[in-house]
Each structure stands twice: as C-alpha cells, then as structure tokens.
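Student: So that we are looking at the same thing, I have put the structure below in structure tokens.
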Amino acid sequence: MHKPFIPGLGLAAVLLTAALASCSGDEDGTPPEADAGVTERDSGLPPEDSGTPDAGDAGEDAGTPDAGADAGTPDAGEVFPPATLSGFGLFTGTPASGGLRPVEGNIPYTLTTPLFSDYSVKTRTLFIPPDTSARYSASEVLDLPVGTIITKTFAFPADLRVPEENVRVIETRVLVRRPGGWEAFPYFWNEAQTEATLANGGRVVRDVRFIGEDGVERRLDYLVPSKNQCLKCHHVQDAQENQVLIPIGVKARYLNRDHDYGGEALNQLQHLANLGRLTGLPPLDSVPRAPDAFNPEEASLEHRARTYLDINCAHCHNPRATSGNTSRLFLNIENTDAFTLGVCKRPGSAGGGVGGEFDIVPGSHSTSILWYRLDTEESGKMMPELGRALRHNQASRLIADWIDAMPPQSCK
Amino acid sequence: MHPLPLSRAPRAALLALVGLLALPACSDDEPNTPDAGQPDSGTPTDAGTDAGTGDGGTGGEVDPANWPQDFSCEGKEQATLTFNPGEEQELQDAVNSLAECTTIQLGAGTFQFDNAVTIRANGITVKGAGKGAQGEATGGEASTVLDFSNAAANTNGLDVVGKLFTVTDLTVWNAKKDGMRIESSSNVYIQRVRTEWSRENLESNGKYGIYPVKSTYVLVEDCEAYNAADAGIYVGQTLHTIVRRNVAQKNVAGIEIENTKFAHVTHNVATDNTTGLVVFDLPGNPIRGTDIYVAHNTITGNNRPNFASVEASSSTVSQVPAGTGTFILASRRVEFEHNTWGDNNTVDIAILSGLAIEADPVQWAPGFFNYASGDIFIHDNTFTGGSGGRVDNGTPDPERRPLGALVGAVYAYGAAAQGSTGVEHVLWDGIDPAPRNEGLSNPINICVTGNTLPGGTQAALVDFDLQAVSGHILSPEQNVAAAWAETRRYEQGAEPYNCSGFTPALTFR
C-alpha cells in the first residue's frame with residue numbers, strides 16, 4: 001500500500017471531525033457567513049485542526065510509521081490546504097510514473113456532457129468520506145457531506161487522436177466541502193510531472209501546443225485560474241447577494257451514465273448508491289439524464305443545444321449568479337422563457353462588434369450575439385469569460401444549427 | 001406610484017407611436033386622441049417626485065467619512081504585505097489567500113501581470129507609489145504601473161468583490177477587459193488611480209476604465225481615465241456615489257452614471273471624448289436611477305469619432321454621435337449647475353427618453369418602466385459656444401448612429417433654409433410622456449434658467465419632437481421642411497422652461 005493513501009483519509013477524517021464539532025452547537029447546512037463570498041481564514045491551520053486526534057481513521061492509520069506519534073502535532077499531512085496535491089492522499093502514482101491512480105474510495109467519474117476547456121482532457125474523481133453519504137437531488141448539485149473532495153485534472157496530449165500518449169498534465173483543481181462551505185484550490189503540476197503544488201495565485205502556461213482530433217495543430221496560452229477566479233464560475237448568490245462557492249458538474253443528470261469500474265460497466269449513480277455513498281436514488285429510469293450534446297442519437301437538437309449551454313454557460317447565466325442576474329440572460333436548462341433565453345433580447349451591455357443586436361435572432365445564427373460570443377476567439381468578446389481561448393468547433397456548429405432551426409423571426 | 005403606467009394603453013398602439021427609430025413612424029398629422037394611452041407619469045406635478053425622498057441623504061452625505069459601513073477593520077489585525085516589481089507571482093499567491101483587513105503595498109515601478117489581480121476579501125487596501133501621468137506605460141520613482149499588456153485573454157486588471165475596499169496611487173495599463181472592475185461591493189474608495197490603454201481609438205481596447213458596479217457608497221476621486229472603448233469612468237447600478245476631480249479623455253464616453261441613485265458628480269474634466277459626461281438608465285435593469293447632482297464640471301470639446309461604433313454593435317454608447325457633451329436618458333431628478341460646456345460639435349446637452357434607444361416599453365419593465373426622463377434642472381452653468389454646428393462631425397451614419405443622422409439632416413436643412421446656426425445648447429427629444437400630447441406644457445419638467453450663454457444667443461433649448469421628425473424623415477416621401485416645422489425653439493427665460501427645479505430639491509449638493 002502506498003503511503004499517500006493514509007494521510008489522505010486522515011485529512012478527510014479531520015474534516016469530518018471538524019464538521020461534527022462545529023455542528024454540535026450550531027445549525028448545519030447554512031451558507032458561509034455573510035461576507036463577500038470569501039473563503040475566510042484559509043491560511044494556516046484551521047483552528048479545529050490543531051490537536052485533534054485522528055479519530056475515525058485509526059483503522060486505516062495503523063501501520064504507518066508515525067501513526068499516533070503525530071496526534072496533536074500538525075504535520076504536513078494535516079496542514080490545510082496541503083502544499084502539494086499528494087498531501088490529500090487521493091492518488092497513487094504520478095503522471096511521470098504512468099499516471100495518477102485514484103485510491104480506493106476516490107471514485108472516478110465522467111459527465112454525459114462536460115464543460116469545454118480548450119480541448120484539454122479532463123479526469124474527475126469524487127471522494128465521499130466513509131460512513132457519510134451524498135443526498136440525491138433530481139435537479140440540483142448532489143448534496144455532498146462535509147469532507148467531500150472533488151478533483152479535476154486537466155491535461156493536454158500532444159495529439160488528441162492518441163490521447164493516451166505524450167500527455168502533459170497541467171493542473172488539478174480540488175474542491176473541498178468544509179464545515180463552512182466549499183473551498184477551491186488550484187494545484188499546478190511541475191515540469192517533471194512528479195508533483196503538483198498549491199498555486200493560489202494561478203499560473204499562465206505559455207504556448208501550449210497540441211494536435212486536435214481534426215489533425216490541426218492548435219496553440220494557446222493556458223490559464224490556470226487563481227483561487228479567487230474559481231468563484232467567478234463556481235458560485236451562487238445567497239439572500240444578501242454574497243457569492244457562495246458550489247460545484248457545477250456533480251448533478252444527477254450529468255452523472256447518469258455508465259463508467260468502467262475495473263472492467264465492469266456500471267451506472268455511476270448506481271455505483272455510488274451501491275457503495276453507500278449516495279442515498280435517495282430513485283429507480284434509474286426515473287432519474288433525469290443530460291444527453292451527450294454531440295450525439296444526435298441521444299436527444300433532439302434542441303435538447304442537446306440546451307444541454308451544452310446548461311453545462312457551459314448556466315453556472316453564470318442563471319438567476320442566482322451575479323453576472324446572470326445582471327445580464328438577465330438565463331441559459332439554465334430549467335428556463336422555459338424564450339425572452340430570458342435570449343430570443344430577440346438586447347443584451348444589457350455586450351459592447352461593440354459582437355455579431356448583432358440581439359442575443360438570439362431565430363433562424364439566423366450569424367446575427368445572434370449568443371452564437372458570436374461562443375464562436376469568437378477575440379479577447380473581451382468571447383464567452384465563457386474564463387477557461388476558453390480556443391473555439392469549440394463542434395459546439396459552434398451545434399448552437400448555429402439550433403438557432404437556424406428556430407422558426408425565423410425578425411427581432412426589430 | 002402606479003407601477004404600470006402603460007397598463008391603460010393598448011400596447012400595440014403605443015408601440016406604433018413610439019417605435020420611431022425602428023421604422024416609419026406615424027406623423028403627428030394623424031388623429032391623436034388627446035388622452036388615449038396617456039401614461040400617468042410625467043405630468044408637471046408628479047414628474048419624478050416619487051423618487052428621491054426618504055434616504056436621499058443629508059448634506060453630510062457628500063463627506064465619505066460620514067458614510068455608514070457594514071464592515072469595519074477596527075479592532076482587527078491589520079497586516080501590510082509589501083511587493084515590488086518582479087514579485088508578481090508572490091503577489092498573486094498572496095492576493096488569493098488574503099486575511100481580511102490586509103493592506104497590499106506596491107513599490108514604485110512596473111509590475112507585469114499575466115492574469116487579473118482578483119480580490120475576494122473584505123477590508124482590503126491596495127496602494128501604489130503614484131499614478132504617474134497620461135501616456136506613461138512604466139512606473140517611475142514615484143509611480144506604480146500594473147501592466148496587463150501580456151495578460152491572458154479576457155481578463156480584467158483589478159477584479160474585486162469585497163466590503164471596505166480602497167485602491168490608491170497606481171495605474172492599470174492595457175487591461176484585456178476592464179481596467180478596474182469592482183462589483184457587488186460596499187464602501188469603495190478609488191483615489192488617485194489612472195486607467196489607460198496605450199493606443200487611441202481602438203475598438204478592441206478594454207471597455208471600461210474605472211468600473212464600480214452594483215455597489216454602495218463608492219468614491220471615485222482624483223483619477224484619470226484614457227482610451228476606453230466604452231466608458232472611462234463608469235459608475236453603474238450603484239447607490240450613493242461621489243465622483244469628483246477626475247479627468248476623462250479620449251474615451252468613447254468620458255464619465256457615465258448608469259442606473260444609479262444618489263450621485264454627486266463634481267469638479268471633473270471630460271474633454272476629447274465622443275461624449276463627455278452622461279447620465280442614463282439602461283433597459284432591463286431593476287435599479288431606477290434618480291437624484292443626480294452634477295456641478296462644477298468642464299465638458300468641452302468632446303468630438304472624438306465614435307470608435308465603438310462598428311458593425312453589429314449593441315451597446316448604447318456605440319450609437320452616440322461624436323460631439324455630444326452630455327446626454328441624459330431615462331433619468332430623473334438630475335440637477336446641473338456651475339458646469340461649463342462648449343465646442344461640442346453635436347450638442348452640449350441632449351435630454352432623451354429611454355424609448356429613443358429601446359422603443360419597446362416591455363423591455364423597461366424590470367425598472368418599473370423607467371424609460372421616461374423627468375425633472376431636469378439646468379441652471380447657472382456657462383455655455384461658452386462653438387457647439388451644435390457640426391452634428392456627428394458631419395459624418396452621419398443612419399444605421400449605427402440613427403439619432404445623430406436625424407438631427408444632422410434637420411439642422412442641415414435649417415442652416416440652408418431657415419438661418420439656423422446649429423443645434424441649440426439643450427436638445428429635448430420631446431418624447432416623454434409617450435405618446436406625445438400637444439396639450440401638455442413642459443410635461444416632464446425641464447427647467448433651464450440663469451445660465452451664461454454666448455453673446456447673440458437666441459434660442460437656448462429646442463423641443464425636437466423626435467417622433468414627428470422621424471416620421472417625416474424616414475417616410476418614403478421624405479420631407480425635411482415638414483420635419484423642421486415640427487421643432488420648436490425657446491429662449492432662456494421663456495415659458496414653459498423657465499421653471500425653478502423640482503420638488504423636493506436634492507438634499508446633497
């Protein structure tokens with residue numbers, strides 16, 4: 001057994017213990033205190049952490065050389081957030097040694113339609129602490145318990161047509177459910193691909209090059225978002241209009257697909273339920289499913305286009321997000337109002353040279369701002385604001401087809 | 001206040017009447033039932049008086065020291081972190097794990113950033129060594145420049161959400177998007193900063209220089225803003241702001257006050273922009289702007305060709321004709337005194353209805369149908385002349401800047417056939433309260449009194465009746481003479497625009 005496994009679960013146990021401690025005299029499930037959506041007091045040791053014995057992980061802990069000796073002594077494994085990704089103990093191996101392998105309990109998953117991130121290849125894991133479980137929700141993000149850790153690792157193969165070869169891993173983003181709410185941390189992989197270190201300030205990787213599935217070489221300056229930039233996408237507004245950090249992808253409809261677990265294909269939600277990590281899962285045939293946006297056999301053009309907009313845009317463009325609230329353009333899948341979906345809607349302030357005057361001109365993608373901003377690569381005009389420097393060709397086509405298929409309408 | 005002034009008007013009829021820039025509008029020769037569809041706002045007695053009462057503030061409000069705070073650093077640990085050029089990555093790492101009430105002290109010189117400086121904490125202060133001077137791309141011994149020329153695409157310069165935020169004595173240079181975007185924040189103090197893009201007249205420059213938005217209690221003072229492709233200083237959707245002693249030049253719009261309540265805008269210089277100092281509400285926004293005090297500003301020579309006015313634009317300022325000193329649109333309870341206007345080629349002041357840019361009243365529903373302007377008091381200012389003689393610099397574009405093209409066409413006729421020397425100092429579009437009712441006298445309470453006018457000035461104000469004018473100009477049988485005949489001119493002091501302001505008067509001045 002690799003050593004990193006143990007401190008990781010130790011950390012989870014600490015988080016869990018802290019949660020129990022904080023819940024004893026207080027209500028749980030409330031959003032973080034009403035400040036500017038800041039993840040406060042995150043530097044250094046959480047007060048709850050110091051001196052807390054590793055209660056709860058004694059079983060797994062036994063056998064480590066320093067087990068017991070470090071109780072009450074903060075060591076690298078318990079500093080939160082850990083300075084390196086390995087400090088979480090969520091993976092064995094490194095990209096340099098044949099790849100990151102999630103430890104037992106750290107469950108890999110994929111989404112039916114993922115957020116586009118400049119063609120990077122993304123792998124995701126979900127760790128829900130032992131003896132806790134997520135609660136199913138039909139439409140919202142799963143209600144995940146304190147101690148949950150979500151990771152997403154971004155990599156560029158030299159050639160997307162052979163995605164397993166010559167892979168350069170750039171960053172791993174970690175979302176942690178803490179007693180006070182979710183926190184996000186970017187970890188940046190070194191050139192040797194042996195370790196990722198906490199990079200709160202973000203990083204820019206110049207001139208990343210790869211060959212696309214179409215055989216065309218692409219180049220970009222890749223932005224590892226800073227910790228605070230995570231909030232730009234990952235938030236909802238609370239009643240005081242403060243931004244509260246939340247995950248995006250872990251919704252039932254995006255998880256509702258099979259995954260290969262050691263040679264066995266299983267529905268991801270069912271797998272979580274089987275492990276006891278998910279409660280309240282109804283029969284699978286009554287669980288909503290977001291289609292693969294690029295597979296015409298899975299759903300209608302409309303449903304696929306709306307799904308793409310939902311996963312790529314709706315984290316901001318929904319009534320509970322700051323910028324969505326300002327723009328009044330709501331691209332979340334639940335929105336059934338044509339106007340706030342953009343049909344013949346003038347944007348509040350889209351600026352000059354953005355393809356047209358209206359967000360969507362039915363029947364005419366080329367004069368629709370929504371399509372223009374999703375298609376363009378011009379700084380200051382492209383959308384989403386963060387995480388895209390390149391055009392997603394397939395998506396540009398999908399949204400164009402969707403708009404063109406609408407009954408033509410003059411917006412004047 | 002009746003929340004739905006249009007509820008008594010058949011919407012289709014109203015749309016036809018006000019859809020003037022959209023296309024051939026009706027001329028007012030058509031029978032017009034005097035009362036049909038008359039909105040209940042905008043009569044002289046009640047124009048705008050629903051707004052601005054209550055927490056309009058006292059005289060003490062214009063002293064930021066008296067502003068209430070919902071966050072304080074008193075009694076809390078207040079650390080100072082110091083960074084010098086070359087320590088950009090360390091600064092970025094620190095900024096993303098800030099304890100509240102931290103001061104970030106930036107040394108003199110030039111910082112090169114590859115990403116936005118994103119702050120999400122309360123009680124933060126960012127201080128440089130000085131803002132330097134216009135055109136300086138690098139910091140000197142007593143100035144600090146944050147250079148974003150090589151930053152990742154689509155990023156702002158400073159990007160802030162927080163309570164009690166202060167930024168002073170620095171320059172944001174060549175931000176990819178907005179220079180300084182401060183959103184959903186309270187008690188914001190922006191002092192002695194400069195935002196600038198290196199090249200003039202580029203549509204691809206960042207849109208906004210200094211951009212506090214959706215905030216409360218915002219001070220912008222002693223700042224400079226140059227070359228923004230939309231607005232140099234843009235206070236948007238904000239409650240309580242003081243904007244004073246700033247300089248805005250070479251922007252499309254110099255200083256913008258948008259969907260904002262309780263703004264005190266004084267001693268600024270707005271020159272050499274497309275439009276100098278503007279006050280407006282945008283459609284679709286829930287904040288109904290009101291109570292704007294504009295005094296001691298210099299708004300001259302704003303004749304820069306509109307470099308945001310490119311094909312397929314949707315922004316408001318991209319439609320503004322060059323040479324517009326000030327425009328007021330969909331705004332109420334706005335007082336101007338002791339300002340100076342002159343040498344603005346199109347007009348010194350235009351008072352417009354929101355319907356002039358968005359004719360569909362339904363689009364104004366979120367702001368309780370706030371398209372109507374009203375209660376505009378222009379007194380004791382100085383108009384130095386040289387304005388109104390060359391609408392949109394003589395380069396009309398009916399597609400991109402339709403209002404300027406209409407005004408230009410009418411005044412070209414006026415100059416040729418009627419002895420007109422140009423657009424009067426104040427142009428009112430005559431739209432509100434739509435639809436127009438000739439039986440009403442000064443229905444939105446515009447008062448123009450006691451201003452110093454150039455010698456020989458005859459009319460100071462024109463009621464342009466844009467709706468009727470556009471009917472004549474845009475109809476297949478274009479009739480410019482008939483359009484001119486719809487416009488009416490008033491000398492200063494003549495009825496009905498010789499009124500003395502609005503009630504209750506602004507309390508903060």
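Going by the structure tokens order, chains are called A, B, ..., each with residues numbered from 1, while ligands are numbered from 1 in the order shown.
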Stretch 249-368 of chain B near stretch 173-195 of chain B within 12 Å: what's each residue's closest atom pair and its distance in Å to one decimal, counting only C-alpha atoms, ordered by chain then ascending residue number, as a tab-separated table?
Tutor:
residue	atom	partner	partner_atom	distance
B:Gln249	CA	B:Thr195	CA	10.9
B:Lys250	CA	B:Thr195	CA	11.7
B:Asn251	CA	B:Thr195	CA	11.0
Student: Output C-alpha atoms for every residue in that selection, as a PDB file, in the first residue's frame.
Tutor:
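Result file follows (selection_24.pdb):
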ATOM      1  CA  GLN B 249     -10.197  61.924 -22.036  1.00  0.00           C
ATOM      2  CA  LYS B 250     -10.033  60.040 -25.323  1.00  0.00           C
ATOM      3  CA  ASN B 251     -12.733  57.577 -24.321  1.00  0.00           C
TER       4      ASN B 251
END
Student: Starting from chain B, keep only residues with some atom at most 6 Å from an atom of chain A, counting only C-alpha atoms, and report them as an MDAnalysis selection string.
Tutor: chainID B and resid 92:93 96 120:121 153:154 162 177 308 310:315
Student: How would the residues just chosen look if you wrote them out with N, CA and C atoms as a PDB file, in the first residue's frame?
Tutor:
ATOM      1  N   GLN B  92       0.377  37.510  -6.513  1.00  0.00           N
ATOM      2  CA  GLN B  92      -0.834  36.784  -6.906  1.00  0.00           C
ATOM      3  C   GLN B  92      -1.166  35.692  -5.890  1.00  0.00           C
ATOM      4  N   ASP B  93      -0.164  34.983  -5.442  1.00  0.00           N
ATOM      5  CA  ASP B  93      -0.435  33.937  -4.454  1.00  0.00           C
ATOM      6  C   ASP B  93      -0.987  34.541  -3.166  1.00  0.00           C
ATOM      7  N   ASN B  96      -4.641  35.772  -3.312  1.00  0.00           N
ATOM      8  CA  ASN B  96      -5.633  34.709  -3.320  1.00  0.00           C
ATOM      9  C   ASN B  96      -5.737  33.971  -1.994  1.00  0.00           C
ATOM     10  N   ARG B 120     -11.072  38.841  -3.418  1.00  0.00           N
ATOM     11  CA  ARG B 120     -12.363  38.458  -2.858  1.00  0.00           C
ATOM     12  C   ARG B 120     -12.229  38.410  -1.337  1.00  0.00           C
ATOM     13  N   ALA B 121     -12.067  39.563  -0.742  1.00  0.00           N
ATOM     14  CA  ALA B 121     -11.943  39.623   0.710  1.00  0.00           C
ATOM     15  C   ALA B 121     -12.374  41.014   1.162  1.00  0.00           C
ATOM     16  N   ALA B 153      -5.991  36.276 -22.180  1.00  0.00           N
ATOM     17  CA  ALA B 153      -7.149  36.875 -22.837  1.00  0.00           C
ATOM     18  C   ALA B 153      -8.335  36.945 -21.883  1.00  0.00           C
ATOM     19  N   ASN B 154      -9.164  37.966 -22.100  1.00  0.00           N
ATOM     20  CA  ASN B 154     -10.465  38.007 -21.439  1.00  0.00           C
ATOM     21  C   ASN B 154     -10.402  38.319 -19.954  1.00  0.00           C
ATOM     22  N   GLY B 162     -15.782  42.911  -2.600  1.00  0.00           N
ATOM     23  CA  GLY B 162     -15.469  42.978  -1.179  1.00  0.00           C
ATOM     24  C   GLY B 162     -16.086  44.190  -0.527  1.00  0.00           C
ATOM     25  N   LYS B 177      -9.701  43.395 -20.503  1.00  0.00           N
ATOM     26  CA  LYS B 177     -11.120  43.784 -20.495  1.00  0.00           C
ATOM     27  C   LYS B 177     -11.241  45.103 -19.739  1.00  0.00           C
ATOM     28  N   ALA B 308     -16.336  53.085 -30.902  1.00  0.00           N
ATOM     29  CA  ALA B 308     -17.089  51.862 -30.566  1.00  0.00           C
ATOM     30  C   ALA B 308     -18.173  51.602 -31.597  1.00  0.00           C
ATOM     31  N   VAL B 310     -19.006  50.307 -34.438  1.00  0.00           N
ATOM     32  CA  VAL B 310     -18.641  49.399 -35.521  1.00  0.00           C
ATOM     33  C   VAL B 310     -19.860  48.567 -35.894  1.00  0.00           C
ATOM     34  N   GLU B 311     -19.701  47.787 -36.914  1.00  0.00           N
ATOM     35  CA  GLU B 311     -20.807  46.951 -37.366  1.00  0.00           C
ATOM     36  C   GLU B 311     -21.232  45.989 -36.253  1.00  0.00           C
ATOM     37  N   ALA B 312     -22.516  45.684 -36.249  1.00  0.00           N
ATOM     38  CA  ALA B 312     -23.048  44.680 -35.327  1.00  0.00           C
ATOM     39  C   ALA B 312     -22.741  45.006 -33.871  1.00  0.00           C
ATOM     40  N   SER B 313     -23.052  46.217 -33.475  1.00  0.00           N
ATOM     41  CA  SER B 313     -22.856  46.611 -32.085  1.00  0.00           C
ATOM     42  C   SER B 313     -24.189  46.692 -31.373  1.00  0.00           C
ATOM     43  N   SER B 314     -24.151  46.443 -30.103  1.00  0.00           N
ATOM     44  CA  SER B 314     -25.399  46.505 -29.365  1.00  0.00           C
ATOM     45  C   SER B 314     -25.312  47.485 -28.211  1.00  0.00           C
ATOM     46  N   SER B 315     -24.182  48.122 -28.018  1.00  0.00           N
ATOM     47  CA  SER B 315     -24.054  48.941 -26.824  1.00  0.00           C
ATOM     48  C   SER B 315     -24.688  50.316 -27.040  1.00  0.00           C
TER      49      SER B 315
END
Student: Could you pull the residues within 9 Å of A:Ile311, counting only C-alpha atoms, minus those fewer than 6 positions along the same chain, as a PyMOL selection string?
Tutor: chain A and resi 113-116+248-249+254+332-333
Student: Looking at A:Glu195, A:Thr123, A:Ala184, A:Ile149, which one is nearest to A:Thr92, with distances taken over only C-alpha atoms?
Tutor: A:Glu195
Student: As a PyMOL selection string, please: all residues of stretch 119-193 of chain A that backbone DSSP puts in strand (DSSP E).
Tutor: chain A and resi 121-127+134-135+149-157+167-178+181-189
Student: Those selected residues, please, written with C-alpha atoms and delivered as a JSON list (two decimals), in the first residue's frame.
Tutor:
[["chain", "number", "residue", "atom", "x", "y", "z"],
["A", 121, "VAL", "CA", -8.56, 16.08, -21.46],
["A", 122, "LYS", "CA", -10.11, 16.10, -18.04],
["A", 123, "THR", "CA", -10.36, 13.38, -15.43],
["A", 124, "ARG", "CA", -12.52, 13.68, -12.36],
["A", 125, "THR", "CA", -12.76, 12.00, -9.01],
["A", 126, "LEU", "CA", -15.19, 12.17, -6.13],
["A", 127, "PHE", "CA", -14.24, 11.25, -2.59],
["A", 134, "ALA", "CA", -24.47, 12.34, -0.50],
["A", 135, "ARG", "CA", -28.16, 13.04, -0.84],
["A", 149, "ILE", "CA", -13.27, 16.18, -2.07],
["A", 150, "ILE", "CA", -13.79, 16.63, -5.80],
["A", 151, "THR", "CA", -10.82, 16.73, -8.14],
["A", 152, "LYS", "CA", -10.50, 17.59, -11.76],
["A", 153, "THR", "CA", -7.23, 17.15, -13.60],
["A", 154, "PHE", "CA", -6.51, 18.96, -16.86],
["A", 155, "ALA", "CA", -4.09, 17.54, -19.39],
["A", 156, "PHE", "CA", -3.06, 18.01, -22.99],
["A", 157, "PRO", "CA", -1.95, 15.03, -25.05],
["A", 167, "VAL", "CA", 0.32, 13.61, -22.11],
["A", 168, "ARG", "CA", 1.23, 16.79, -20.28],
["A", 169, "VAL", "CA", -0.74, 17.23, -17.11],
["A", 170, "ILE", "CA", -1.12, 20.89, -16.24],
["A", 171, "GLU", "CA", -3.27, 21.30, -13.20],
["A", 172, "THR", "CA", -5.54, 19.59, -10.74],
["A", 173, "ARG", "CA", -8.33, 21.62, -9.22],
["A", 174, "VAL", "CA", -9.59, 20.49, -5.86],
["A", 175, "LEU", "CA", -12.95, 21.37, -4.34],
["A", 176, "VAL", "CA", -13.30, 20.58, -0.66],
["A", 177, "ARG", "CA", -16.52, 20.63, 1.32],
["A", 178, "ARG", "CA", -15.53, 22.13, 4.65],
["A", 181, "GLY", "CA", -18.81, 25.61, 2.89],
["A", 182, "TRP", "CA", -16.95, 24.68, -0.26],
["A", 183, "GLU", "CA", -13.41, 25.84, -0.94],
["A", 184, "ALA", "CA", -11.45, 25.59, -4.16],
["A", 185, "PHE", "CA", -7.71, 25.13, -4.62],
["A", 186, "PRO", "CA", -5.64, 25.01, -7.79],
["A", 187, "TYR", "CA", -2.62, 22.67, -7.88],
["A", 188, "PHE", "CA", -0.07, 23.19, -10.62],
["A", 189, "TRP", "CA", 1.98, 20.25, -11.95]]
